[in-house]
Amino acid sequence: MNKKLVAALSGGAALLLALTGCSSDNTQKLDSWAKSFCDPAQAPFKQIQDANAAMQTADSGNTDSKKVQQTDSAAFQKISDAYGQLAKSLDKAGAPPTEGGADAQKNAVKELNSLSAGYQDLKKQVDGLDTGDKLKFADGLRNLSNGINKLNAKSEQAFKKLEAGEVGKAMAGQKGCQNQGGSNGPSAAPSKSA
């Protein structure tokens with residue numbers, strides 16, 4: 001049950017890390033812009049990754065519901081904070097020096113702030129779940145995963161525009177935007193067998 005929640009949550013962070021999909025052969029201006037966003041973004045990306053990992057290991061199947069609730073609540077708070085930090089970093093970096101860059105950046109900042117608010121809302125929801133009844137608690141977690149999927153879909157649209165063409169390539173060359181886990185695919189959470 002909680003693993004579905006983690007899988008859905010990992011998708012949002014993976015979208016951010018998908019910005020690193022191509023090799024870089026861009027102008028100095030683009031590289032400079034990418035560095036100005038990616039360097040400060042490294043810490044929030046790691047925060048999202050760590051929060052996902054904490055949630056993934058929190059529920060072994062027999063874990064106490066209260067413990068799962070506390071872990072998920074703390075993770076949602078960290079993810080909310082991380083998306084807020086990413087929005088600030090992207091806002092501070094300004095628009096990428098490309099056609100349509102200003103709109104793409106503005107939309108991505110808006111979506112990052114929306115994701116931050118969305119995860120704050122998920123934290124409130126998980127805090128309100130009944131941990132006294134394992135079945136009710138599991139149903140509550142399942143309902144939360146629907147909210148996460150909606151957040152992920154919104155995030156994907158904004159980042160598709162921001163990462164288009166040369167901007168995505170420039171970001172790929174920056175360590176701060178590269179996958180912190182060191183695996184081949186873009187994923188914020190370490191892979192773990194179900």
# chains A, B, ... in the order shown; residues from 1 in each chain; ligands from 1
>>> residues_around(residues="A:Ser65", least_positions_apart="2", cutoff="7 Å", atoms="only C-alpha atoms", output="VMD selection string")
chain A and resid 63 67 to 69 131 134
>>> residues_around(residues="stretch 107-123 of chain A", least_positions_apart="2", cutoff="9 Å", atoms="only C-alpha atoms", output="VMD selection string")
chain A and resid 12 72 to 91 102 to 105 125 to 128 144 147 to 148 151 to 152 154 to 155 157 to 159 161 to 162
>>> atom_distance(atom1="atom CA of A:Asp31", atom2="atom CA of A:Met171")
7.3 Å
>>> closest_residue(among="A:Gln49, A:Gly94, A:Ala58, A:Asp133", to="A:Ser32", atoms="only C-alpha atoms")
A:Gly94
>>> atom_distance(atom1="atom CA of A:Thr98", atom2="atom CA of A:Trp33")
10.5 Å
>>> closest_residue(among="A:Gly101, A:Lys92, A:Asn149, A:Gln70", to="A:Glu166", atoms="only C-alpha atoms")
A:Gly101
